[in-house]
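Participant: As input, take upload_23.txt (compact mmCIF, C-alpha atoms):
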```txt
# COMPACT_ATOMS: atom_id res chain seq x y z
CA MET A 1 14.07 29.75 20.33
CA THR A 2 14.51 27.86 17.06
CA THR A 3 13.80 24.12 17.20
CA SER A 4 16.14 21.93 15.15
CA PHE A 5 15.30 19.01 12.88
CA THR A 6 17.33 17.19 10.24
CA VAL A 7 17.40 14.41 7.67
CA VAL A 8 20.14 11.79 7.85
CA GLY A 9 21.41 9.14 5.49
CA SER A 10 23.93 8.45 2.76
CA PRO A 11 24.00 9.79 0.13
CA ILE A 12 22.22 12.90 1.39
CA GLU A 13 23.53 15.81 -0.71
CA HIS A 14 20.59 15.91 -3.13
CA SER A 15 17.83 15.27 -0.58
CA LEU A 16 14.74 17.41 -1.12
CA SER A 17 13.56 16.96 2.47
CA PRO A 18 15.03 20.32 3.62
CA VAL A 19 13.16 22.07 0.78
CA LEU A 20 9.88 20.40 1.73
CA HIS A 21 10.13 20.88 5.47
CA THR A 22 11.38 24.47 5.26
CA ALA A 23 8.44 25.40 3.02
CA ALA A 24 6.03 23.67 5.39
CA TYR A 25 7.31 25.42 8.52
CA LYS A 26 7.27 28.81 6.82
CA HIS A 27 3.65 28.19 5.75
CA LEU A 28 2.71 27.14 9.28
CA GLY A 29 4.58 30.03 10.91
CA LEU A 30 6.80 27.75 12.99
CA ASP A 31 10.28 28.68 14.20
CA PHE A 32 11.77 25.38 13.06
CA ALA A 33 15.12 24.86 11.32
CA TYR A 34 15.65 21.76 9.18
CA GLY A 35 19.04 20.62 7.90
CA LYS A 36 20.70 17.53 6.45
CA SER A 37 23.57 15.40 7.70
CA GLU A 38 25.60 12.68 5.98
CA VAL A 39 25.49 9.63 8.26
CA LEU A 40 26.93 6.31 7.14
CA ALA A 41 25.59 2.87 8.07
CA GLY A 42 26.41 2.12 11.69
CA GLY A 43 26.80 5.78 12.58
CA LEU A 44 23.27 6.73 13.62
CA ILE A 45 23.64 6.23 17.37
CA ASP A 46 26.75 8.44 17.53
CA PHE A 47 25.03 11.12 15.50
CA LEU A 48 21.95 11.12 17.72
CA ASP A 49 24.06 11.28 20.88
CA SER A 50 25.75 14.45 19.63
CA SER A 51 22.73 16.09 17.99
CA ASP A 52 20.35 18.68 19.42
CA ALA A 53 17.66 17.76 16.89
CA VAL A 54 14.18 17.22 18.27
CA GLY A 55 13.12 15.18 15.26
CA VAL A 56 15.02 13.27 12.59
CA SER A 57 13.96 12.09 9.13
CA VAL A 58 15.81 8.87 8.30
CA THR A 59 16.71 7.69 4.79
CA MET A 60 18.78 4.82 3.41
CA PRO A 61 20.72 3.00 4.76
CA LEU A 62 19.63 3.82 8.31
CA LYS A 63 15.95 2.84 8.59
CA TYR A 64 16.60 -0.49 10.30
CA GLU A 65 19.09 1.14 12.67
CA ALA A 66 16.52 3.79 13.53
CA PHE A 67 14.00 1.08 14.39
CA ASP A 68 16.50 -0.70 16.66
CA LEU A 69 17.41 2.53 18.48
CA ALA A 70 13.83 3.61 19.17
CA VAL A 71 12.35 2.91 22.61
CA SER A 72 8.78 2.87 21.23
CA HIS A 73 7.19 2.48 17.82
CA ASP A 74 4.01 3.30 15.96
CA GLU A 75 1.94 0.56 14.31
CA TYR A 76 3.55 0.75 10.86
CA SER A 77 7.03 0.85 12.33
CA LEU A 78 6.31 -2.26 14.39
CA THR A 79 4.78 -4.07 11.42
CA THR A 80 7.67 -3.38 9.05
CA GLY A 81 10.59 -3.32 11.47
CA VAL A 82 11.52 -0.04 9.80
CA SER A 83 11.56 3.54 11.14
CA ASN A 84 12.06 6.52 8.86
CA THR A 85 11.20 9.08 11.55
CA LEU A 86 12.58 9.60 15.05
CA VAL A 87 11.09 11.99 17.61
CA ARG A 88 12.92 12.80 20.82
CA SER A 89 11.07 12.20 24.10
CA ALA A 90 11.97 12.16 27.79
CA SER A 91 12.37 8.38 27.69
CA GLY A 92 14.30 8.22 24.42
CA TRP A 93 13.66 8.26 20.68
CA ARG A 94 10.21 7.30 19.42
CA GLY A 95 10.17 5.52 16.06
CA PHE A 96 7.61 6.02 13.29
CA ASN A 97 7.14 4.80 9.74
CA THR A 98 5.58 7.51 7.59
CA ASP A 99 6.55 5.77 4.33
CA VAL A 100 3.47 3.55 4.45
CA TYR A 101 1.23 6.62 4.60
CA GLY A 102 3.24 8.27 1.83
CA ILE A 103 2.90 5.27 -0.50
CA CYS A 104 -0.82 4.93 0.25
CA GLN A 105 -1.38 8.58 -0.65
CA ALA A 106 0.73 8.32 -3.80
CA LEU A 107 -1.30 5.31 -4.98
CA SER A 108 -4.71 6.72 -3.97
CA ILE A 109 -5.55 7.52 -7.61
CA VAL A 110 -4.84 3.96 -8.80
CA SER A 111 -7.68 1.55 -9.57
CA GLU A 112 -7.63 -1.92 -7.98
CA PRO A 113 -4.87 -3.85 -9.81
CA ARG A 114 -5.29 -7.52 -10.60
CA VAL A 115 -1.51 -7.98 -10.73
CA THR A 116 1.08 -5.81 -8.99
CA VAL A 117 4.82 -6.11 -9.57
CA VAL A 118 7.00 -5.04 -6.63
CA ILE A 119 10.63 -4.39 -7.55
CA GLY A 120 12.98 -4.45 -4.56
CA SER A 121 13.34 -6.16 -1.21
CA GLY A 122 14.69 -3.48 1.12
CA ALA A 123 13.14 -1.22 3.75
CA THR A 124 10.94 0.71 1.32
CA ALA A 125 9.67 -2.54 -0.21
CA ARG A 126 8.46 -3.67 3.22
CA SER A 127 6.50 -0.42 3.55
CA GLY A 128 5.19 -0.96 0.03
CA MET A 129 3.88 -4.40 0.96
CA VAL A 130 2.02 -2.95 3.93
CA ALA A 131 0.53 -0.23 1.71
CA LEU A 132 -0.67 -2.89 -0.74
CA SER A 133 -2.26 -4.89 2.09
CA ILE A 134 -4.20 -1.75 3.04
CA LEU A 135 -5.18 -0.49 -0.41
CA PHE A 136 -5.34 -3.62 -2.56
CA PRO A 137 -5.45 -6.72 -0.35
CA ASN A 138 -6.70 -8.90 -3.21
CA THR A 139 -4.00 -8.03 -5.74
CA GLU A 140 -1.65 -10.75 -6.95
CA VAL A 141 1.89 -9.61 -6.06
CA HIS A 142 4.79 -10.60 -8.34
CA LEU A 143 8.01 -9.86 -6.46
CA VAL A 144 11.24 -9.05 -8.31
CA SER A 145 14.46 -9.07 -6.27
CA ARG A 146 18.11 -9.56 -7.14
CA ASN A 147 18.92 -10.45 -3.54
CA GLN A 148 17.56 -13.96 -3.27
CA ASP A 149 17.55 -14.18 0.53
CA ALA A 150 15.97 -10.75 0.95
CA GLY A 151 13.43 -11.61 -1.71
CA VAL A 152 12.38 -14.78 0.07
CA ALA A 153 12.15 -12.89 3.37
CA LEU A 154 9.93 -10.24 1.76
CA GLU A 155 7.77 -12.94 0.19
CA VAL A 156 7.22 -14.45 3.64
CA PHE A 157 6.50 -10.99 5.06
CA GLY A 158 3.91 -10.29 2.36
CA LYS A 159 2.17 -13.60 2.97
CA LYS A 160 1.96 -12.79 6.70
CA LEU A 161 0.14 -9.62 5.70
CA GLY A 162 -2.40 -11.78 3.83
CA LEU A 163 -1.12 -10.98 0.35
CA ASN A 164 -0.81 -13.47 -2.49
CA VAL A 165 2.94 -13.10 -3.15
CA SER A 166 5.34 -15.04 -5.35
CA ILE A 167 8.84 -14.38 -6.73
CA TRP A 168 9.12 -13.69 -10.45
CA PRO A 169 12.04 -13.14 -12.85
CA ALA A 170 13.31 -9.63 -13.59
CA ASN A 171 12.33 -9.40 -17.24
CA VAL A 172 10.18 -7.33 -19.56
CA GLN A 173 7.41 -9.91 -19.62
CA THR A 174 6.98 -9.73 -15.85
CA LEU A 175 6.57 -5.96 -15.93
CA MET A 176 4.34 -5.84 -19.01
CA SER A 177 1.87 -8.30 -17.44
CA ALA A 178 1.14 -6.03 -14.47
CA ASP A 179 -1.61 -3.50 -13.85
CA LEU A 180 0.66 -1.75 -11.34
CA VAL A 181 4.46 -1.74 -11.18
CA MET A 182 6.05 -0.44 -7.97
CA SER A 183 9.77 0.25 -8.39
CA LEU A 184 10.96 0.55 -4.78
CA VAL A 185 14.71 0.63 -5.39
CA PRO A 186 17.33 3.41 -5.62
CA ALA A 187 17.74 5.43 -8.80
CA GLY A 188 19.77 3.58 -11.43
CA SER A 189 18.70 0.10 -10.35
CA TYR A 190 17.64 -2.35 -13.07
CA ALA A 191 18.91 0.11 -15.69
CA GLU A 192 19.32 -2.57 -18.34
CA LEU A 193 15.70 -3.69 -17.89
CA TRP A 194 14.32 -0.16 -18.33
CA ASP A 195 16.66 0.39 -21.30
CA GLU A 196 15.31 -2.76 -22.96
CA ILE A 197 11.71 -1.62 -22.48
CA GLN A 198 12.49 1.81 -23.91
CA ARG A 199 14.62 0.49 -26.78
CA ASN A 200 12.03 -2.04 -27.93
CA GLY A 201 9.11 0.33 -27.57
CA ASN A 202 7.25 -2.02 -25.25
CA SER A 203 4.06 -0.55 -23.88
CA SER A 204 1.77 -1.37 -21.00
CA SER A 205 -1.60 -0.05 -19.91
CA GLY A 206 -0.48 -0.47 -16.32
CA THR A 207 0.61 2.25 -13.89
CA LEU A 208 4.25 2.72 -12.87
CA PHE A 209 5.08 4.08 -9.42
CA ASP A 210 8.81 4.82 -9.17
CA VAL A 211 9.98 5.77 -5.70
CA ALA A 212 13.15 7.28 -7.20
CA TYR A 213 12.85 10.98 -8.04
CA ASN A 214 16.40 12.24 -8.55
CA PRO A 215 16.98 12.60 -11.42
CA TRP A 216 13.48 12.87 -12.83
CA PRO A 217 12.33 11.52 -15.16
CA SER A 218 14.11 8.40 -14.01
CA LYS A 219 15.14 5.59 -16.36
CA ALA A 220 11.95 3.81 -15.37
CA GLY A 221 9.86 6.91 -15.98
CA LEU A 222 11.43 7.46 -19.41
CA ALA A 223 10.68 3.88 -20.42
CA TRP A 224 6.99 4.07 -19.47
CA ASP A 225 3.99 5.89 -20.87
CA PRO A 226 4.27 9.26 -19.08
CA SER A 227 0.49 9.45 -18.67
CA THR A 228 0.55 6.43 -16.35
CA VAL A 229 3.63 7.27 -14.24
CA ILE A 230 3.54 8.34 -10.59
CA SER A 231 6.74 10.00 -9.41
CA GLY A 232 8.37 9.25 -6.08
CA ILE A 233 7.95 12.95 -5.34
CA GLU A 234 4.35 12.17 -4.44
CA MET A 235 5.38 9.68 -1.77
CA LEU A 236 8.14 12.03 -0.59
CA ILE A 237 5.71 14.89 -0.07
CA TRP A 238 3.05 12.86 1.71
CA GLN A 239 5.44 11.06 4.05
CA ALA A 240 6.97 14.46 4.86
CA ILE A 241 3.52 15.88 5.66
CA GLU A 242 3.07 13.11 8.21
CA GLN A 243 6.50 13.94 9.65
CA VAL A 244 5.61 17.62 9.90
CA GLN A 245 2.53 16.66 11.90
CA LEU A 246 4.62 14.45 14.21
CA PHE A 247 7.33 17.07 14.71
CA ALA A 248 4.89 19.92 15.33
CA SER A 249 2.78 17.86 17.73
CA ALA A 250 5.83 16.70 19.69
CA ASP A 251 6.90 20.33 20.08
CA SER A 252 3.33 21.30 21.07
CA SER A 253 3.54 24.00 18.41
CA ILE A 254 0.36 23.27 16.52
CA GLY A 255 -2.67 20.99 16.41
CA GLU A 256 -3.96 19.09 13.40
CA ILE A 257 -2.55 20.52 10.18
CA ASP A 258 -4.43 21.11 6.91
CA ARG A 259 -2.76 18.38 4.84
CA SER A 260 -4.25 19.40 1.50
CA ALA A 261 -3.03 22.98 1.89
CA LEU A 262 0.38 21.78 3.00
CA TYR A 263 0.61 19.43 0.01
CA SER A 264 0.06 22.37 -2.35
CA VAL A 265 2.75 24.43 -0.63
CA MET A 266 5.28 21.61 -0.66
CA LYS A 267 4.53 20.62 -4.27
CA VAL A 268 5.27 24.19 -5.38
CA ALA A 269 8.48 24.20 -3.34
CA VAL A 270 9.95 21.18 -5.16
CA SER A 271 8.51 21.91 -8.60
CA SER A 272 11.50 24.06 -9.57
CA LYS A 273 14.10 21.65 -8.15
```
For the structure just supplied, provide its representation as structure tokens.
Facilitator:
Amino acid sequence: MTTSFTVVGSPIEHSLSPVLHTAAYKHLGLDFAYGKSEVLAGGLIDFLDSSDAVGVSVTMPLKYEAFDLAVSHDEYSLTTGVSNTLVRSASGWRGFNTDVYGICQALSIVSEPRVTVVIGSGATARSGMVALSILFPNTEVHLVSRNQDAGVALEVFGKKLGLNVSIWPANVQTLMSADLVMSLVPAGSYAELWDEIQRNGNSSSGTLFDVAYNPWPSKAGLAWDPSTVISGIEMLIWQAIEQVQLFASADSSIGEIDRSALYSVMKVAVSSK
């Protein structure tokens, strides 16, 4: 009998999660079906009540809702207050945050940055802060946020993690001074800033990690030296690999998966998209 999984959020039409998960389950020989469902903010509980899905991948704007609906949480979910993965159990939905793992894997090739700029103050930015506290606990974090209250809250959160965090203006100088820039906002955000960098031919020796991947190259990616850009596809693949492990384990279908092999399969699957 086929086991059902899905990704939820809004907008959801262009999500690559079905491509990734379908390729993974075919590779692993699992009878799993993975779809996508448009779910607006405030609608997650009704969707879950009517769904037969065993596991759910959660995207914006539902990650805080997912956390609140879960009856138990993994460590990263508890730390961030964010769940991007729900797994059905006898007692209710279990919440997980696989974004932290995905960001850590995406940044694994980056050398220790002296200064890191974090752009954004939403759910993904919280996961990004946790990833920085794991990978680069001594980096100086310059936080850029257009939402003043959310920015202050994220600054406090980062300091609780032991990071040296301060709020900085959203300008070219802030970005050019960094060894690592993490753009953790939806595609199209800060368009005028990226346009200014591209128009003026500004250059930086730092690395850009842009969580946005549709379209790719993004405005940020086009403005930066392509040799030092990490696409959000990397995070997407790695967080999905962690979800595949959670979903397969919950269904008792398989033991520990070969993550490197699965990465190769999933990378090929999205390379033509």
Participant: Quick one: residues within 9 Å of A:Ser133, all atoms listed in the file, excluding same-chain residues fewer than 6 positions away - as a list in words?
Facilitator: Thr139, Gly158, Leu161, Gly162 and Leu163 of chain A
Participant: Can you spit out the residues from that selection as a tab-separated table (two decimals), in the frame of the given file, using C-alpha atoms?
Facilitator:
```
chain	number	residue	atom	x	y	z
A	139	THR	CA	-4.00	-8.03	-5.74
A	158	GLY	CA	3.91	-10.29	2.36
A	161	LEU	CA	0.14	-9.62	5.70
A	162	GLY	CA	-2.40	-11.78	3.83
A	163	LEU	CA	-1.12	-10.98	0.35
```
Participant: Pick the closest to A:Trp224 from A:Thr124, A:Thr6, A:Ser253, A:Thr207: which is it, counting only C-alpha atoms?
Facilitator: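 Smallest distance to A:Trp224 is found for A:Thr207.
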Participant: So, counting all atoms listed in the file, which residue among A:Leu86, A:Ile197, A:Leu143, A:Leu180 is closest to A:Ser166?
Facilitator: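 Between A:Leu86, A:Ile197, A:Leu143, A:Leu180, the residue approaching A:Ser166 most closely is A:Leu143.
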Participant: Could you pull the residues within 10 Å of A:Ile254, counting all atoms listed in the file, minus those fewer than 6 positions along the same chain, as a tab-separated table (two decimals) with C-alpha atoms, in the frame of the given file?
Facilitator:
```
chain	number	residue	atom	x	y	z
A	28	LEU	CA	2.71	27.14	9.28
A	29	GLY	CA	4.58	30.03	10.91
A	30	LEU	CA	6.80	27.75	12.99
A	245	GLN	CA	2.53	16.66	11.90
A	247	PHE	CA	7.33	17.07	14.71
A	248	ALA	CA	4.89	19.92	15.33
```
Participant: Give the answer as one residue: which of A:Met235, A:Val244, A:Leu262, A:Ile109 has the shortest atom-to-atom distance to A:Leu135, using all atoms listed in the file?
Facilitator: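 Of the candidates, the smallest distance to A:Leu135 is held by A:Ile109.
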Participant: I need the residue nearest A:Leu16 from this list: A:Ser249, A:Asn214, A:Ser91, A:Asn147. Use only C-alpha atoms for the distance.
Facilitator: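 Nearest to A:Leu16: A:Asn214.
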Participant: Rank nothing, just name the residue among A:Ala178, A:Ala123, A:Val19, A:Val152 nearest to A:Tyr64, using all atoms listed in the file.
Facilitator: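 Of A:Ala178, A:Ala123, A:Val19, A:Val152, the one nearest A:Tyr64, counting all atoms listed in the file, is A:Ala123.
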Participant: For each of A:Gln239, A:Ser15, A:Ser72, A:Ser57, take the minimum atom-to-atom distance to A:Arg259, counting all atoms listed in the file, then give the residue where this is smallest.
Facilitator: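 Checking each candidate against A:Arg259, we get A:Gln239 as the closest.
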Participant: Counting only C-alpha atoms, write as a PyMOL selection string all protein and nucleic acid residues lying at most 9 Å from (10.5, 4.4, 14.8) in the file's frame.
Facilitator: chain A and resi 63+66-74+76-78+81-87+93-97
Participant: Can you list, as a PyMOL selection string, every protein, DNA or RNA residue that comes within 8 Å of A:Ala170 when you count all atoms listed in the file, leaving out same-chain residues fewer than 3 positions away?
Facilitator: chain A and resi 144-145+174+193
Participant: Would you mind listing what lies within 10 Å of A:Ser37 as an NGL selection string, with all atoms listed in the file counted and same-chain residues fewer than 2 positions away left out?
Facilitator: :A and (6-13 or 35 or 39-40 or 47)
Participant: Take the point (15.6, -12.3, -0.3) as written in the file and pick out every residue within 12 Å of it, counting all atoms listed in the file; give the list as a ChimeraX atom specification.
Facilitator: /A:119-122,125-126,143-157,166-167
Participant: Could you tell me how far atom CA of A:Leu44 lies from atom CA of A:Ser183, in Å and to one decimal?
Facilitator: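 Atom CA of A:Ser183 lies 26.6 Å from atom CA of A:Leu44.
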